[in-house]
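For reference, final00.pdb (PDB, C-alpha atoms):
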```
ATOM      1  CA  MET A   1     -63.268  34.212  11.466  1.00  0.00           C
ATOM      2  CA  LYS A   2     -61.975  35.305   8.081  1.00  0.00           C
ATOM      3  CA  LYS A   3     -59.967  38.512   8.140  1.00  0.00           C
ATOM      4  CA  MET A   4     -60.913  41.103   5.543  1.00  0.00           C
ATOM      5  CA  VAL A   5     -58.128  42.969   3.755  1.00  0.00           C
ATOM      6  CA  GLN A   6     -59.468  46.283   5.053  1.00  0.00           C
ATOM      7  CA  ASP A   7     -59.349  44.996   8.642  1.00  0.00           C
ATOM      8  CA  ILE A   8     -55.706  43.875   8.523  1.00  0.00           C
ATOM      9  CA  ILE A   9     -54.212  47.282   7.617  1.00  0.00           C
ATOM     10  CA  ILE A  10     -55.452  49.742  10.253  1.00  0.00           C
ATOM     11  CA  LYS A  11     -53.573  52.886   9.208  1.00  0.00           C
ATOM     12  CA  PRO A  12     -50.227  54.099   7.868  1.00  0.00           C
ATOM     13  CA  VAL A  13     -47.657  55.218  10.428  1.00  0.00           C
ATOM     14  CA  ILE A  14     -46.325  58.650   9.528  1.00  0.00           C
ATOM     15  CA  SER A  15     -43.005  59.367  11.242  1.00  0.00           C
ATOM     16  CA  GLU A  16     -39.656  60.885  10.350  1.00  0.00           C
ATOM     17  CA  ALA A  17     -37.985  57.467  10.261  1.00  0.00           C
ATOM     18  CA  GLY A  18     -40.805  56.110   8.123  1.00  0.00           C
ATOM     19  CA  MET A  19     -40.435  58.961   5.644  1.00  0.00           C
ATOM     20  CA  ASP A  20     -36.694  58.249   5.350  1.00  0.00           C
ATOM     21  CA  MET A  21     -37.388  54.576   4.562  1.00  0.00           C
ATOM     22  CA  MET A  22     -39.710  55.453   1.668  1.00  0.00           C
ATOM     23  CA  SER A  23     -36.705  56.080  -0.619  1.00  0.00           C
ATOM     24  CA  GLN A  24     -35.851  52.365  -0.144  1.00  0.00           C
ATOM     25  CA  LYS A  25     -39.474  51.384  -0.967  1.00  0.00           C
ATOM     26  CA  LYS A  26     -40.235  50.536   2.671  1.00  0.00           C
ATOM     27  CA  TYR A  27     -43.570  51.574   4.156  1.00  0.00           C
ATOM     28  CA  VAL A  28     -44.797  51.400   7.760  1.00  0.00           C
ATOM     29  CA  PHE A  29     -48.340  50.413   8.760  1.00  0.00           C
ATOM     30  CA  LYS A  30     -50.248  49.797  11.979  1.00  0.00           C
ATOM     31  CA  VAL A  31     -51.804  46.357  11.542  1.00  0.00           C
ATOM     32  CA  MET A  32     -54.167  44.000  13.347  1.00  0.00           C
ATOM     33  CA  SER A  33     -52.398  42.326  16.281  1.00  0.00           C
ATOM     34  CA  SER A  34     -53.318  38.817  15.125  1.00  0.00           C
ATOM     35  CA  ALA A  35     -52.284  39.369  11.478  1.00  0.00           C
ATOM     36  CA  THR A  36     -49.527  37.154  10.078  1.00  0.00           C
ATOM     37  CA  LYS A  37     -46.807  38.239   7.636  1.00  0.00           C
ATOM     38  CA  PRO A  38     -48.420  36.516   4.609  1.00  0.00           C
ATOM     39  CA  GLU A  39     -51.776  38.132   5.446  1.00  0.00           C
ATOM     40  CA  ILE A  40     -50.140  41.566   5.714  1.00  0.00           C
ATOM     41  CA  ALA A  41     -48.306  41.087   2.400  1.00  0.00           C
ATOM     42  CA  ASN A  42     -51.517  40.003   0.664  1.00  0.00           C
ATOM     43  CA  ALA A  43     -53.475  42.927   2.129  1.00  0.00           C
ATOM     44  CA  VAL A  44     -50.910  45.497   0.924  1.00  0.00           C
ATOM     45  CA  GLU A  45     -50.793  43.919  -2.546  1.00  0.00           C
ATOM     46  CA  VAL A  46     -54.591  43.932  -2.876  1.00  0.00           C
ATOM     47  CA  MET A  47     -55.195  47.400  -1.397  1.00  0.00           C
ATOM     48  CA  PHE A  48     -52.424  49.301  -3.202  1.00  0.00           C
ATOM     49  CA  GLY A  49     -51.744  47.175  -6.313  1.00  0.00           C
ATOM     50  CA  VAL A  50     -48.024  46.686  -5.584  1.00  0.00           C
ATOM     51  CA  LYS A  51     -45.672  43.685  -5.247  1.00  0.00           C
ATOM     52  CA  VAL A  52     -44.370  42.952  -1.730  1.00  0.00           C
ATOM     53  CA  ALA A  53     -40.857  41.514  -1.300  1.00  0.00           C
ATOM     54  CA  ASP A  54     -40.646  41.316   2.507  1.00  0.00           C
ATOM     55  CA  VAL A  55     -42.628  42.043   5.683  1.00  0.00           C
ATOM     56  CA  ASN A  56     -41.089  42.705   9.106  1.00  0.00           C
ATOM     57  CA  THR A  57     -43.353  42.988  12.155  1.00  0.00           C
ATOM     58  CA  ILE A  58     -42.782  44.540  15.558  1.00  0.00           C
ATOM     59  CA  THR A  59     -45.099  44.340  18.563  1.00  0.00           C
ATOM     60  CA  MET A  60     -45.037  47.722  20.315  1.00  0.00           C
ATOM     61  CA  LYS A  61     -45.480  47.199  24.051  1.00  0.00           C
ATOM     62  CA  ARG A  62     -43.595  49.638  26.225  1.00  0.00           C
ATOM     63  CA  LYS A  63     -42.969  53.351  26.136  1.00  0.00           C
ATOM     64  CA  ARG A  64     -40.355  55.161  28.173  1.00  0.00           C
ATOM     65  CA  LEU A  65     -41.323  58.523  29.641  1.00  0.00           C
ATOM     66  CA  GLY A  66     -38.251  60.111  31.217  1.00  0.00           C
ATOM     67  CA  VAL A  67     -36.901  57.771  33.893  1.00  0.00           C
ATOM     68  CA  ASN A  68     -40.227  55.947  34.252  1.00  0.00           C
ATOM     69  CA  PHE A  69     -41.509  53.092  32.133  1.00  0.00           C
ATOM     70  CA  GLY A  70     -45.144  53.398  31.198  1.00  0.00           C
ATOM     71  CA  TYR A  71     -47.337  50.983  29.343  1.00  0.00           C
ATOM     72  CA  THR A  72     -49.436  51.993  26.395  1.00  0.00           C
ATOM     73  CA  SER A  73     -51.960  49.886  24.561  1.00  0.00           C
ATOM     74  CA  GLU A  74     -50.196  47.131  22.648  1.00  0.00           C
ATOM     75  CA  TRP A  75     -50.176  47.386  18.872  1.00  0.00           C
ATOM     76  CA  LYS A  76     -48.393  45.769  15.954  1.00  0.00           C
ATOM     77  CA  LYS A  77     -46.284  47.610  13.407  1.00  0.00           C
ATOM     78  CA  ALA A  78     -45.398  46.194   9.990  1.00  0.00           C
ATOM     79  CA  ILE A  79     -42.562  47.428   7.783  1.00  0.00           C
ATOM     80  CA  VAL A  80     -43.376  46.379   4.221  1.00  0.00           C
ATOM     81  CA  THR A  81     -40.619  46.292   1.590  1.00  0.00           C
ATOM     82  CA  LEU A  82     -41.683  46.411  -2.057  1.00  0.00           C
ATOM     83  CA  THR A  83     -39.902  44.706  -4.956  1.00  0.00           C
ATOM     84  CA  GLU A  84     -37.550  46.765  -7.144  1.00  0.00           C
ATOM     85  CA  ASP A  85     -39.871  46.606 -10.169  1.00  0.00           C
ATOM     86  CA  SER A  86     -42.983  47.500  -8.159  1.00  0.00           C
ATOM     87  CA  LYS A  87     -44.563  50.929  -8.345  1.00  0.00           C
ATOM     88  CA  THR A  88     -44.669  53.120  -5.212  1.00  0.00           C
ATOM     89  CA  ILE A  89     -47.736  53.495  -2.999  1.00  0.00           C
ATOM     90  CA  ALA A  90     -49.592  56.588  -4.232  1.00  0.00           C
ATOM     91  CA  PHE A  91     -50.889  57.484  -0.767  1.00  0.00           C
ATOM     92  CA  PHE A  92     -47.352  58.198   0.458  1.00  0.00           C
ATOM     93  CA  ASP A  93     -46.135  59.992  -2.703  1.00  0.00           C
ATOM     94  CA  GLY A  94     -47.688  63.340  -1.775  1.00  0.00           C
ATOM     95  CA  MET A  95     -45.961  63.410   1.622  1.00  0.00           C
ATOM     96  CA  ASN A  96     -42.367  63.828   0.417  1.00  0.00           C
TER      97      ASN A  96
END
```
As structure tokens, how would this structure be written, given the file I've shared?
Amino acid sequence: MKKMVQDIIIKPVISEAGMDMMSQKKYVFKVMSSATKPEIANAVEVMFGVKVADVNTITMKRKRLGVNFGYTSEWKKAIVTLTEDSKTIAFFDGMN
């Protein structure tokens, strides 16, 4: 099954830490669990018209609630770093 670019990037993750990383041209997205780093980089380049330098992925599995560990639905987070000469992602520009 071929993955469409729109299916790979599910939504942007808006958090305080994510907003701090935007000054370094790093953006955080919730992505499809089966997506690979090259697929994520290609999807960001096509959707936003930017140049991607690096992609780091994290599989989010466990959430701590007080002294108890609880499980939430598993999802994958991608931190995308843009090249120095790349423009910023316009979607995030209005949030600063």
Which residues come within 6 Å of range 13-29 of chain A, counting only C-alpha atoms, excluding same-chain residues fewer than 5 positions away, as a short mmCIF file (atom, residue, chain, number, x, y, z; two decimals) with C-alpha atoms, in the frame of the given file?
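As written to disk, part.cif reads:
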```cif
data_model
loop_
_atom_site.label_atom_id
_atom_site.label_comp_id
_atom_site.auth_asym_id
_atom_site.auth_seq_id
_atom_site.Cartn_x
_atom_site.Cartn_y
_atom_site.Cartn_z
CA LYS A 77 -46.28 47.61 13.41
CA ALA A 78 -45.40 46.19 9.99
CA ILE A 79 -42.56 47.43 7.78
CA VAL A 80 -43.38 46.38 4.22
CA THR A 81 -40.62 46.29 1.59
CA LEU A 82 -41.68 46.41 -2.06
#
```
Correct to one decimal, the distance CA of Val52 in chain A-CA of Thr83 in chain A is 5.8 Å
note - CA of Lys76 in chain A and CA of Thr57 in chain A are separated by 6.9 Å
Set the distance at 9 Å and use all atoms listed in the file: which residues neighbour Val31 in chain A once local chain neighbours fewer than 5 positions away are removed? I'd like the list as a PyMOL selection string. chain A and resi 7-12+40+75-78
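Between CA of Lys51 in chain A and CA of Thr36 in chain A the interatomic distance comes to 17.1 Å.
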Residue with the minimum atom-to-atom distance to Lys87 in chain A, picked from A:Glu74, A:Arg62, A:Glu39, A:Gly49 with only C-alpha atoms counted, is A:Gly49
